[in-house]
Amino acid sequence: MQIFFFLIFLISHHLLMADASAIPALVEQNYTFVPRYLEILIDNDETGLGAVSDTCISALYQKASPILVTNHLIYSIFSEKVRTPEKEDILSGLQFKSEEWIIKKIDTSLTLFLPIIYLRSIGIHGKGIDELSLGLRVNHLPNTTLEKIIQHQPEKLSADSFIPLLDKIFCSRSDYTNKNAPALPKWSFYMFGHGLKGESIVGLKLDEFKKVLDFFENNLNTQVLAYSSCYGAGTNSEIIYNDTISTVQKIFSFPIITQALTDATVASGAPDLKFDEKNNPYLRVITNLKAFFEQISQAYEIKQFQDAINNIFPVIPEGIYAYRWDNAAQIRLPGLHWFTPVASNKDIASLGSILTKNRNIHKPLSLATYFKSEPKALLLNTIDIPFELILDSTKLEAIISMISGDAVHKIKKITSLQNSIDTILGWFMHIKMLDARKLFFIEEIDAADYVIAKNVIIYNNKIPAFFTIPDKFELYAFYSENGKIYFKKTGQEGSREADNNQKKDYLKLLIEVTGEVEDTVSINSLNNNNLPLITAPVLFHKIEGSTSLETIFRAITQNLNKNAFVWAKEITGFYQGYEKKNIFLPHLKYNARITLKDVIIDASKDSLFFTYDGKFYSKATEIKDDYKHEYAGRLPKAF
């Protein structure tokens with residue numbers, strides 16, 4: 001019966017986010033294990049109060065678990081040299097007392113804080129600690145104090161030192177082979193740290209985070225891993241969980257939860273100072289770590305995971321922070337290779353590629369009728385919706401691209417008898433701090449306020465350098481109606497008629513997005529029918545070929561038209577055109593296994609530049625220093 005439900009889930013996942021309660025219970029409880037909790041807070045950059053220090057203060061205040069934390073973070077919180085009135089208030093509410101902790105020095109960059117109240121809760125009393133019962137090798141670690149940590153500016157955690165330190169800290173499975181050994185710890189982890197798209201997550205480089213996952217899988221009995229980090233989904237998830245060498249994706253035996261939907265920042269709740277009826281200071285914290293750990297260690301169904309996650313990943317209401325659905329969590333269940341949003345099926349729905357490719361393009365789809373509910377968020381897991389969407393829900397708040405990295409979505413038509421054009425445009429402009437270019441092109445919107453908008457374009461803050469829009473942090477929408485062009489930006493009520501410069505911007509975008517948008521172009525010979533697609537003004541391409549790199553290179557250069565002008569996508573701009581007869585490719589895969597990145601083909605000079613394994617090359621020879629300087633500023637970062 002469980003296999004039957006699992007197959008149903010596999011099918012329905014690609015069609016829509018169906019009833020979340022139907023997802024099988026893939027996480028089995030094993031009562032020979034004992035629950036153990038750990039928070040891991042990695043930061044090398046903050047000074048004073050920031051997102052990670054706020055989380056650390058909340059963790060120290062609640063004493064829900066041991067805390068593995070960088071000395072740099074402790075220094076930024078407690079050092080007298082980094083003081084502000086706001087921090088003074090927060091620390092007065094924290095009231096950190098050394099006698100409530102056992103503090104262990106791991107090395108010059110990392111410390112383990114053990115709350116005594118937690119130790120007592122798992123049966124560890126007095127000065128002696130049974131390491132196997134705790135699950136941590138603490139007896140060989142020297143004691144330290146808060147004063148010693150903040151006495152001098154500490155060393156920063158180096159990029160390659162974290163995994164060796166984990167080996168030094170944890171008791172591994174092999175330590176429990178003795179029949180008299182206590183029950184094995186079943187670990188629930190919560191990690192928090194900063195992230196950058198394509199580079200880092202929870203304060204660690206992406207490759208280092210992969211090693212953390214492997215360590216949790218191979219060395220420990222892991223109940224669950226939850227992490228919160230900017231850019232914790234989208235491109236970073238693609239890099240972390242997709243094996244670039246093998247087509248087989250790595251799976252894990254424990255659920256993995258990320259607080260993110262896409263390539264965007266996320267919000268964390270900062271503690272604030274309050275006073276009780278006797279005027280004693282205390283902290284009000286948004287995250288309830290104790291409730292999270294207790295509930296997550298017992299969770300085995302989606303509903304239980306959702307209830308546990310709500311304690312630490314609140315979808316913060318608008319008005320408190322300018323975030324909402326970008327703060328929603330996703331879960332990767334054991335044995336599966338995809339993330340699923342953890343939200344009620346009444347709150348969230350998804351359109352996938354199988355549904356959009358197989359549905360009659362002449363038959364409209366009503367969101368409320370099809371999903372039998374009025375969801376608050378609609379997730380797009382497909383780039384093309386070739387039929388009309390009827391969106392009459394009065395509860396809909398956001399339409400979100402779930403495609404990793406830059407993406408262009410095309411929608412044939414949106415009709416709504418309940419929502420104005422301003423409301424409909426606002427659905428696409430909900431997530432504001434994206435570090436990926438999400439562009440929506442809608443051929444027509446028929447809104448409730450009698451506006452029939454044509455050729456609607458909505459895009460985020462990756463704006464071309466040659467555009468006249470001044471504020472790069474705004475989201476903009478354009479549309480035409482009755483021969484006039486209108487625009488709307490975030491925070492603006494209603495739409496305004498565009499001026500001349502903005503009309504030019506809109507027309508240039510319109511020319512681009514109405515061109516061909518191909519996901520993958522295959523080249524297997526010099527005479528390839530798909531080559532004309534490459535020479536048109538296109539958006540992005542992934543080019544693949546089962547032949548040699550030289551054949552692909554010759555096929556492209558020989559077939560570029562004299563007047564071909566291919567827009568290049570770079571990290572600092574929306575589009576940036578190079579000289580004529582140049583083409584930029586984010587990915588070029590040949591021999592069905594070798595992938596080059598950041599490929600620039602200059603047909604006029606018969607040159608090929610690309611990135612492979614972190615180095616720049618020209619044709620088959622590594623670029624000399626003088627060439628490296630010339631192209632280093634023009635090559636976008638690999639994604």
# chains A, B, ... in the order shown; residues from 1 in each chain; ligands from 1
>>> select_by_dssp(residues="region 137-338 of chain A", states="helix (DSSP H, G or I)", output="PDB file with N, CA and C atoms, in the first residue's frame")
ATOM      1  N   LEU A 146      33.490  32.792  27.903  1.00  0.00           N
ATOM      2  CA  LEU A 146      33.095  33.847  26.985  1.00  0.00           C
ATOM      3  C   LEU A 146      34.150  34.943  26.962  1.00  0.00           C
ATOM      4  N   GLU A 147      34.711  35.254  28.114  1.00  0.00           N
ATOM      5  CA  GLU A 147      35.714  36.319  28.210  1.00  0.00           C
ATOM      6  C   GLU A 147      36.949  35.995  27.390  1.00  0.00           C
ATOM      7  N   LYS A 148      37.367  34.717  27.384  1.00  0.00           N
ATOM      8  CA  LYS A 148      38.542  34.332  26.603  1.00  0.00           C
ATOM      9  C   LYS A 148      38.261  34.431  25.102  1.00  0.00           C
ATOM     10  N   ILE A 149      37.043  34.078  24.701  1.00  0.00           N
ATOM     11  CA  ILE A 149      36.715  34.111  23.280  1.00  0.00           C
ATOM     12  C   ILE A 149      36.761  35.531  22.741  1.00  0.00           C
ATOM     13  N   PHE A 162      36.183  22.929   8.241  1.00  0.00           N
ATOM     14  CA  PHE A 162      34.974  22.587   8.983  1.00  0.00           C
ATOM     15  C   PHE A 162      34.770  21.079   9.076  1.00  0.00           C
ATOM     16  N   ILE A 163      34.943  20.354   7.980  1.00  0.00           N
ATOM     17  CA  ILE A 163      34.714  18.906   8.004  1.00  0.00           C
ATOM     18  C   ILE A 163      35.683  18.195   8.947  1.00  0.00           C
ATOM     19  N   PRO A 164      36.996  18.480   8.914  1.00  0.00           N
ATOM     20  CA  PRO A 164      37.885  17.854   9.906  1.00  0.00           C
ATOM     21  C   PRO A 164      37.474  18.137  11.350  1.00  0.00           C
ATOM     22  N   LEU A 165      36.896  19.306  11.589  1.00  0.00           N
ATOM     23  CA  LEU A 165      36.442  19.625  12.940  1.00  0.00           C
ATOM     24  C   LEU A 165      35.217  18.795  13.322  1.00  0.00           C
ATOM     25  N   LEU A 166      34.358  18.482  12.355  1.00  0.00           N
ATOM     26  CA  LEU A 166      33.207  17.636  12.647  1.00  0.00           C
ATOM     27  C   LEU A 166      33.659  16.246  13.076  1.00  0.00           C
ATOM     28  N   ASP A 167      34.678  15.724  12.417  1.00  0.00           N
ATOM     29  CA  ASP A 167      35.230  14.420  12.819  1.00  0.00           C
ATOM     30  C   ASP A 167      35.730  14.468  14.262  1.00  0.00           C
ATOM     31  N   LYS A 168      36.198  15.625  14.657  1.00  0.00           N
ATOM     32  CA  LYS A 168      36.748  15.812  16.000  1.00  0.00           C
ATOM     33  C   LYS A 168      35.647  15.952  17.045  1.00  0.00           C
ATOM     34  N   ILE A 169      34.458  16.366  16.629  1.00  0.00           N
ATOM     35  CA  ILE A 169      33.393  16.702  17.570  1.00  0.00           C
ATOM     36  C   ILE A 169      32.438  15.541  17.815  1.00  0.00           C
ATOM     37  N   ARG A 173      28.945   6.411  14.292  1.00  0.00           N
ATOM     38  CA  ARG A 173      28.196   5.170  14.488  1.00  0.00           C
ATOM     39  C   ARG A 173      29.086   4.034  14.981  1.00  0.00           C
ATOM     40  N   SER A 174      30.325   4.015  14.527  1.00  0.00           N
ATOM     41  CA  SER A 174      31.237   2.922  14.902  1.00  0.00           C
ATOM     42  C   SER A 174      31.566   2.935  16.393  1.00  0.00           C
ATOM     43  N   ASP A 175      31.345   4.043  17.068  1.00  0.00           N
ATOM     44  CA  ASP A 175      31.643   4.123  18.507  1.00  0.00           C
ATOM     45  C   ASP A 175      30.609   3.380  19.349  1.00  0.00           C
ATOM     46  N   TYR A 176      29.509   2.924  18.729  1.00  0.00           N
ATOM     47  CA  TYR A 176      28.420   2.326  19.500  1.00  0.00           C
ATOM     48  C   TYR A 176      28.301   0.824  19.243  1.00  0.00           C
ATOM     49  N   LEU A 206      29.705  26.047  -1.243  1.00  0.00           N
ATOM     50  CA  LEU A 206      28.788  24.996  -1.655  1.00  0.00           C
ATOM     51  C   LEU A 206      29.428  23.613  -1.604  1.00  0.00           C
ATOM     52  N   ASP A 207      30.690  23.507  -2.026  1.00  0.00           N
ATOM     53  CA  ASP A 207      31.378  22.210  -1.972  1.00  0.00           C
ATOM     54  C   ASP A 207      31.536  21.728  -0.535  1.00  0.00           C
ATOM     55  N   GLU A 208      31.767  22.674   0.387  1.00  0.00           N
ATOM     56  CA  GLU A 208      31.909  22.309   1.798  1.00  0.00           C
ATOM     57  C   GLU A 208      30.562  21.839   2.358  1.00  0.00           C
ATOM     58  N   PHE A 209      29.491  22.484   1.935  1.00  0.00           N
ATOM     59  CA  PHE A 209      28.170  22.068   2.398  1.00  0.00           C
ATOM     60  C   PHE A 209      27.834  20.665   1.896  1.00  0.00           C
ATOM     61  N   LYS A 210      28.249  20.347   0.673  1.00  0.00           N
ATOM     62  CA  LYS A 210      28.061  18.982   0.171  1.00  0.00           C
ATOM     63  C   LYS A 210      28.741  17.968   1.089  1.00  0.00           C
ATOM     64  N   LYS A 211      29.915  18.304   1.561  1.00  0.00           N
ATOM     65  CA  LYS A 211      30.655  17.404   2.452  1.00  0.00           C
ATOM     66  C   LYS A 211      29.940  17.265   3.798  1.00  0.00           C
ATOM     67  N   VAL A 212      29.296  18.342   4.254  1.00  0.00           N
ATOM     68  CA  VAL A 212      28.517  18.259   5.486  1.00  0.00           C
ATOM     69  C   VAL A 212      27.369  17.256   5.308  1.00  0.00           C
ATOM     70  N   LEU A 213      26.677  17.336   4.178  1.00  0.00           N
ATOM     71  CA  LEU A 213      25.599  16.381   3.908  1.00  0.00           C
ATOM     72  C   LEU A 213      26.116  14.942   3.906  1.00  0.00           C
ATOM     73  N   ASP A 214      27.250  14.728   3.266  1.00  0.00           N
ATOM     74  CA  ASP A 214      27.839  13.381   3.233  1.00  0.00           C
ATOM     75  C   ASP A 214      28.228  12.920   4.631  1.00  0.00           C
ATOM     76  N   PHE A 215      28.742  13.838   5.441  1.00  0.00           N
ATOM     77  CA  PHE A 215      29.126  13.482   6.812  1.00  0.00           C
ATOM     78  C   PHE A 215      27.896  13.070   7.608  1.00  0.00           C
ATOM     79  N   PHE A 216      26.831  13.838   7.505  1.00  0.00           N
ATOM     80  CA  PHE A 216      25.607  13.504   8.223  1.00  0.00           C
ATOM     81  C   PHE A 216      25.039  12.166   7.750  1.00  0.00           C
ATOM     82  N   GLU A 217      25.209  11.865   6.463  1.00  0.00           N
ATOM     83  CA  GLU A 217      24.690  10.614   5.904  1.00  0.00           C
ATOM     84  C   GLU A 217      25.541   9.412   6.307  1.00  0.00           C
ATOM     85  N   ASN A 218      26.846   9.556   6.245  1.00  0.00           N
ATOM     86  CA  ASN A 218      27.740   8.407   6.371  1.00  0.00           C
ATOM     87  C   ASN A 218      28.249   8.169   7.786  1.00  0.00           C
ATOM     88  N   THR A 235      19.258  28.033  -7.735  1.00  0.00           N
ATOM     89  CA  THR A 235      20.566  27.706  -8.308  1.00  0.00           C
ATOM     90  C   THR A 235      21.440  26.943  -7.328  1.00  0.00           C
ATOM     91  N   ASN A 236      21.488  27.375  -6.077  1.00  0.00           N
ATOM     92  CA  ASN A 236      22.335  26.696  -5.102  1.00  0.00           C
ATOM     93  C   ASN A 236      21.900  25.250  -4.887  1.00  0.00           C
ATOM     94  N   SER A 237      20.602  24.999  -4.877  1.00  0.00           N
ATOM     95  CA  SER A 237      20.134  23.612  -4.750  1.00  0.00           C
ATOM     96  C   SER A 237      20.542  22.780  -5.954  1.00  0.00           C
ATOM     97  N   GLU A 238      20.472  23.377  -7.141  1.00  0.00           N
ATOM     98  CA  GLU A 238      20.907  22.665  -8.338  1.00  0.00           C
ATOM     99  C   GLU A 238      22.369  22.247  -8.213  1.00  0.00           C
ATOM    100  N   ILE A 239      23.204  23.156  -7.743  1.00  0.00           N
ATOM    101  CA  ILE A 239      24.633  22.872  -7.623  1.00  0.00           C
ATOM    102  C   ILE A 239      24.894  21.828  -6.545  1.00  0.00           C
ATOM    103  N   ILE A 240      24.190  21.938  -5.419  1.00  0.00           N
ATOM    104  CA  ILE A 240      24.458  21.059  -4.280  1.00  0.00           C
ATOM    105  C   ILE A 240      24.004  19.634  -4.543  1.00  0.00           C
ATOM    106  N   TYR A 241      22.800  19.474  -5.088  1.00  0.00           N
ATOM    107  CA  TYR A 241      22.197  18.146  -5.139  1.00  0.00           C
ATOM    108  C   TYR A 241      22.306  17.456  -6.492  1.00  0.00           C
ATOM    109  N   LEU A 289      12.724  27.392  19.171  1.00  0.00           N
ATOM    110  CA  LEU A 289      13.632  26.295  18.853  1.00  0.00           C
ATOM    111  C   LEU A 289      13.308  25.032  19.636  1.00  0.00           C
ATOM    112  N   LYS A 290      12.901  25.177  20.885  1.00  0.00           N
ATOM    113  CA  LYS A 290      12.578  24.006  21.703  1.00  0.00           C
ATOM    114  C   LYS A 290      11.406  23.235  21.095  1.00  0.00           C
ATOM    115  N   ALA A 291      10.360  23.959  20.712  1.00  0.00           N
ATOM    116  CA  ALA A 291       9.206  23.296  20.106  1.00  0.00           C
ATOM    117  C   ALA A 291       9.584  22.676  18.763  1.00  0.00           C
ATOM    118  N   PHE A 292      10.432  23.372  17.996  1.00  0.00           N
ATOM    119  CA  PHE A 292      10.856  22.817  16.710  1.00  0.00           C
ATOM    120  C   PHE A 292      11.559  21.488  16.892  1.00  0.00           C
ATOM    121  N   PHE A 293      12.564  21.437  17.756  1.00  0.00           N
ATOM    122  CA  PHE A 293      13.335  20.210  17.918  1.00  0.00           C
ATOM    123  C   PHE A 293      12.461  19.070  18.443  1.00  0.00           C
ATOM    124  N   GLU A 294      11.602  19.367  19.402  1.00  0.00           N
ATOM    125  CA  GLU A 294      10.762  18.314  19.964  1.00  0.00           C
ATOM    126  C   GLU A 294       9.801  17.760  18.917  1.00  0.00           C
ATOM    127  N   GLN A 295       9.211  18.639  18.112  1.00  0.00           N
ATOM    128  CA  GLN A 295       8.244  18.178  17.115  1.00  0.00           C
ATOM    129  C   GLN A 295       8.929  17.525  15.916  1.00  0.00           C
ATOM    130  N   ILE A 296      10.064  18.065  15.488  1.00  0.00           N
ATOM    131  CA  ILE A 296      10.721  17.535  14.293  1.00  0.00           C
ATOM    132  C   ILE A 296      11.294  16.148  14.550  1.00  0.00           C
ATOM    133  N   ILE A 302       3.999  14.813   6.320  1.00  0.00           N
ATOM    134  CA  ILE A 302       4.173  16.191   5.872  1.00  0.00           C
ATOM    135  C   ILE A 302       3.523  17.170   6.837  1.00  0.00           C
ATOM    136  N   LYS A 303       2.321  16.854   7.308  1.00  0.00           N
ATOM    137  CA  LYS A 303       1.627  17.761   8.234  1.00  0.00           C
ATOM    138  C   LYS A 303       2.443  17.970   9.498  1.00  0.00           C
ATOM    139  N   GLN A 304       3.078  16.913  10.001  1.00  0.00           N
ATOM    140  CA  GLN A 304       3.888  17.043  11.213  1.00  0.00           C
ATOM    141  C   GLN A 304       5.152  17.859  10.948  1.00  0.00           C
ATOM    142  N   PHE A 305       5.754  17.653   9.762  1.00  0.00           N
ATOM    143  CA  PHE A 305       6.898  18.483   9.402  1.00  0.00           C
ATOM    144  C   PHE A 305       6.487  19.955   9.319  1.00  0.00           C
ATOM    145  N   GLN A 306       5.329  20.192   8.714  1.00  0.00           N
ATOM    146  CA  GLN A 306       4.861  21.567   8.569  1.00  0.00           C
ATOM    147  C   GLN A 306       4.659  22.223   9.932  1.00  0.00           C
ATOM    148  N   ASP A 307       4.031  21.507  10.855  1.00  0.00           N
ATOM    149  CA  ASP A 307       3.801  22.061  12.185  1.00  0.00           C
ATOM    150  C   ASP A 307       5.114  22.378  12.894  1.00  0.00           C
ATOM    151  N   ALA A 308       6.100  21.470  12.734  1.00  0.00           N
ATOM    152  CA  ALA A 308       7.402  21.704  13.373  1.00  0.00           C
ATOM    153  C   ALA A 308       8.116  22.887  12.748  1.00  0.00           C
ATOM    154  N   ILE A 309       8.098  22.963  11.425  1.00  0.00           N
ATOM    155  CA  ILE A 309       8.819  24.015  10.714  1.00  0.00           C
ATOM    156  C   ILE A 309       8.244  25.388  11.016  1.00  0.00           C
ATOM    157  N   TRP A 325       6.278  34.817   0.782  1.00  0.00           N
ATOM    158  CA  TRP A 325       6.390  33.475   0.253  1.00  0.00           C
ATOM    159  C   TRP A 325       7.815  33.073  -0.055  1.00  0.00           C
ATOM    160  N   ASP A 326       8.717  34.029  -0.200  1.00  0.00           N
ATOM    161  CA  ASP A 326      10.114  33.641  -0.365  1.00  0.00           C
ATOM    162  C   ASP A 326      10.675  33.051   0.920  1.00  0.00           C
ATOM    163  N   ASN A 327       9.960  33.182   2.019  1.00  0.00           N
ATOM    164  CA  ASN A 327      10.371  32.619   3.299  1.00  0.00           C
ATOM    165  C   ASN A 327       9.785  31.224   3.532  1.00  0.00           C
TER     166      ASN A 327
END
>>> residues_around(residues="region 124-136 of chain A", least_positions_apart="5", cutoff="9 Å", atoms="only C-alpha atoms", output="list in words")
Val34, Arg36, Ile116, Tyr118, Leu119, Lys168, Ile169, Phe170, Cys171, Ser172, Asp175, Tyr176, Ala181, Pro182, Ala183, Leu184, Pro185 and Trp187 of chain A
>>> write_last_selection(atoms="all heavy atoms", output="short mmCIF file (atom, residue, chain, number, x, y, z; two decimals), in the first residue's frame")
data_model
loop_
_atom_site.label_atom_id
_atom_site.label_comp_id
_atom_site.auth_asym_id
_atom_site.auth_seq_id
_atom_site.Cartn_x
_atom_site.Cartn_y
_atom_site.Cartn_z
N VAL A 34 17.89 7.69 20.46
CA VAL A 34 17.47 8.77 21.35
C VAL A 34 17.66 10.09 20.62
O VAL A 34 18.64 10.28 19.91
CB VAL A 34 18.26 8.76 22.67
CG1 VAL A 34 17.88 7.56 23.51
CG2 VAL A 34 19.77 8.79 22.42
N ARG A 36 18.70 13.75 19.69
CA ARG A 36 19.71 14.73 20.09
C ARG A 36 19.62 15.92 19.12
O ARG A 36 19.35 15.72 17.93
CB ARG A 36 21.12 14.12 20.06
CG ARG A 36 21.35 13.04 21.10
CD ARG A 36 21.34 13.60 22.50
NE ARG A 36 21.56 12.59 23.52
CZ ARG A 36 20.59 12.00 24.22
NH1 ARG A 36 19.32 12.31 23.97
NH2 ARG A 36 20.86 11.11 25.14
N ILE A 116 23.45 23.76 30.26
CA ILE A 116 23.32 22.77 31.33
C ILE A 116 21.89 22.26 31.45
O ILE A 116 21.64 21.08 31.73
CB ILE A 116 23.82 23.38 32.66
CG1 ILE A 116 25.34 23.61 32.58
CG2 ILE A 116 23.49 22.47 33.84
CD1 ILE A 116 25.93 24.29 33.78
N TYR A 118 19.86 21.73 29.07
CA TYR A 118 19.68 20.71 28.03
C TYR A 118 20.32 19.40 28.48
O TYR A 118 19.73 18.32 28.31
CB TYR A 118 20.29 21.18 26.72
CG TYR A 118 20.40 20.10 25.66
CD1 TYR A 118 19.31 19.76 24.87
CD2 TYR A 118 21.60 19.41 25.45
CE1 TYR A 118 19.40 18.75 23.91
CE2 TYR A 118 21.69 18.40 24.50
CZ TYR A 118 20.59 18.09 23.73
OH TYR A 118 20.69 17.08 22.79
N LEU A 119 21.53 19.47 29.04
CA LEU A 119 22.21 18.26 29.50
C LEU A 119 21.37 17.53 30.54
O LEU A 119 21.24 16.29 30.50
CB LEU A 119 23.58 18.62 30.07
CG LEU A 119 24.59 19.22 29.09
CD1 LEU A 119 25.88 19.60 29.82
CD2 LEU A 119 24.90 18.26 27.94
N LYS A 168 36.20 15.63 14.66
CA LYS A 168 36.75 15.81 16.00
C LYS A 168 35.65 15.95 17.05
O LYS A 168 35.85 15.67 18.22
CB LYS A 168 37.64 17.06 15.98
CG LYS A 168 38.35 17.39 17.28
CD LYS A 168 39.20 18.64 17.08
CE LYS A 168 39.90 19.04 18.38
NZ LYS A 168 40.70 20.27 18.20
N ILE A 169 34.46 16.37 16.63
CA ILE A 169 33.39 16.70 17.57
C ILE A 169 32.44 15.54 17.82
O ILE A 169 32.07 15.24 18.96
CB ILE A 169 32.60 17.92 17.04
CG1 ILE A 169 33.49 19.15 16.95
CG2 ILE A 169 31.38 18.20 17.92
CD1 ILE A 169 32.88 20.28 16.15
N PHE A 170 32.00 14.85 16.75
CA PHE A 170 30.91 13.88 16.88
C PHE A 170 31.41 12.47 17.19
O PHE A 170 32.45 12.04 16.69
CB PHE A 170 30.11 13.82 15.58
CG PHE A 170 29.21 15.00 15.36
CD1 PHE A 170 29.64 16.08 14.61
CD2 PHE A 170 27.94 15.03 15.91
CE1 PHE A 170 28.82 17.18 14.40
CE2 PHE A 170 27.11 16.12 15.70
CZ PHE A 170 27.55 17.20 14.95
N CYS A 171 30.64 11.77 18.00
CA CYS A 171 30.80 10.33 18.13
C CYS A 171 30.15 9.69 16.90
O CYS A 171 28.99 9.98 16.59
CB CYS A 171 30.13 9.81 19.40
SG CYS A 171 30.80 10.51 20.94
N SER A 172 30.88 8.86 16.20
CA SER A 172 30.35 8.26 14.98
C SER A 172 29.61 6.96 15.30
O SER A 172 29.66 6.46 16.43
CB SER A 172 31.48 8.00 13.99
OG SER A 172 32.36 7.01 14.49
N ASP A 175 31.34 4.04 17.07
CA ASP A 175 31.64 4.12 18.51
C ASP A 175 30.61 3.38 19.35
O ASP A 175 30.80 3.22 20.56
CB ASP A 175 31.69 5.59 18.96
CG ASP A 175 32.84 6.35 18.31
OD1 ASP A 175 33.93 5.77 18.18
OD2 ASP A 175 32.64 7.52 17.93
N TYR A 176 29.51 2.92 18.73
CA TYR A 176 28.42 2.33 19.50
C TYR A 176 28.30 0.82 19.24
O TYR A 176 27.24 0.23 19.48
CB TYR A 176 27.10 3.02 19.15
CG TYR A 176 27.05 4.47 19.56
CD1 TYR A 176 27.59 5.46 18.74
CD2 TYR A 176 26.50 4.86 20.78
CE1 TYR A 176 27.56 6.79 19.10
CE2 TYR A 176 26.46 6.19 21.16
CZ TYR A 176 27.00 7.16 20.31
OH TYR A 176 26.98 8.48 20.69
N ALA A 181 27.05 -0.16 25.04
CA ALA A 181 26.98 1.26 24.67
C ALA A 181 25.55 1.76 24.78
O ALA A 181 24.59 0.99 24.59
CB ALA A 181 27.50 1.46 23.25
N PRO A 182 25.36 3.02 25.10
CA PRO A 182 23.99 3.57 25.16
C PRO A 182 23.35 3.62 23.77
O PRO A 182 24.00 3.36 22.76
CB PRO A 182 24.22 4.98 25.72
CG PRO A 182 25.63 5.33 25.35
CD PRO A 182 26.39 4.03 25.40
N ALA A 183 22.07 3.96 23.75
CA ALA A 183 21.35 4.06 22.47
C ALA A 183 22.00 5.12 21.60
O ALA A 183 22.57 6.11 22.08
CB ALA A 183 19.89 4.41 22.74
N LEU A 184 21.93 4.90 20.28
CA LEU A 184 22.55 5.83 19.35
C LEU A 184 21.76 7.14 19.28
O LEU A 184 20.53 7.12 19.27
CB LEU A 184 22.60 5.23 17.94
CG LEU A 184 23.74 4.26 17.63
CD1 LEU A 184 23.53 2.92 18.27
CD2 LEU A 184 23.89 4.12 16.12
N PRO A 185 22.47 8.25 19.22
CA PRO A 185 21.78 9.53 19.02
C PRO A 185 21.16 9.60 17.63
O PRO A 185 21.72 9.13 16.66
CB PRO A 185 22.90 10.57 19.16
CG PRO A 185 24.01 9.88 19.86
CD PRO A 185 23.91 8.44 19.45
N TRP A 187 20.10 12.52 15.30
CA TRP A 187 20.38 13.95 15.31
C TRP A 187 19.37 14.75 14.50
O TRP A 187 19.06 14.42 13.35
CB TRP A 187 21.78 14.21 14.75
CG TRP A 187 22.88 13.84 15.69
CD1 TRP A 187 23.64 12.72 15.66
CD2 TRP A 187 23.31 14.59 16.82
NE1 TRP A 187 24.55 12.72 16.70
CE2 TRP A 187 24.37 13.86 17.42
CE3 TRP A 187 22.93 15.81 17.39
CZ2 TRP A 187 25.03 14.32 18.56
CZ3 TRP A 187 23.58 16.27 18.52
CH2 TRP A 187 24.62 15.52 19.10
#
>>> closest_residue(among="A:Ile74, A:Ile390, A:Leu273, A:Leu351", to="Gly93 (chain A)", atoms="only C-alpha atoms")
A:Leu273
>>> atom_distance(atom1="CA of Ala270 (chain A)", atom2="CA of Asn288 (chain A)")
12.3 Å
>>> atom_distance(atom1="CA of Leu389 (chain A)", atom2="CA of Ser495 (chain A)")
22.1 Å
>>> closest_residue(among="A:Asn310, A:Ser548, A:Asn178, A:Thr145", to="Thr595 (chain A)", atoms="only C-alpha atoms")
A:Ser548
>>> select_by_dssp(residues="region 162-370 of chain A", states="strand (DSSP E or B)", output="PyMOL selection string")
chain A and resi 170+184-193+196+200-201+204-205+222-228+256-259+264+272-275+281-284+318+321+329-332+340-341+348-352+365-366
>>> atom_distance(atom1="CA of Ala398 (chain A)", atom2="CA of Ile452 (chain A)")
20.7 Å
>>> closest_residue(among="A:Lys412, A:His337, A:Ile331, A:Thr108", to="Thr258 (chain A)", atoms="only C-alpha atoms")
A:Ile331
>>> closest_residue(among="A:Glu100, A:Glu86, A:Glu443, A:Asp263", to="Ile458 (chain A)", atoms="only C-alpha atoms")
A:Glu443
>>> closest_atom_pairs(of="region 37-138 of chain A", to="region 153-158 of chain A", cutoff="8 Å", atoms="only C-alpha atoms", output="Markdown table")
| residue | atom | partner | partner_atom | distance |
| --- | --- | --- | --- | --- |
| A:Asn44 | CA | A:Lys156 | CA | 5.7 |
| A:Thr70 | CA | A:Leu157 | CA | 6.9 |
| A:Asn71 | CA | A:Pro154 | CA | 6.0 |
| A:His72 | CA | A:Pro154 | CA | 5.7 |
| A:Tyr75 | CA | A:Gln153 | CA | 7.0 |
| A:Thr108 | CA | A:Glu155 | CA | 6.1 |
| A:Ser109 | CA | A:Leu157 | CA | 5.2 |
| A:Leu110 | CA | A:Leu157 | CA | 7.1 |
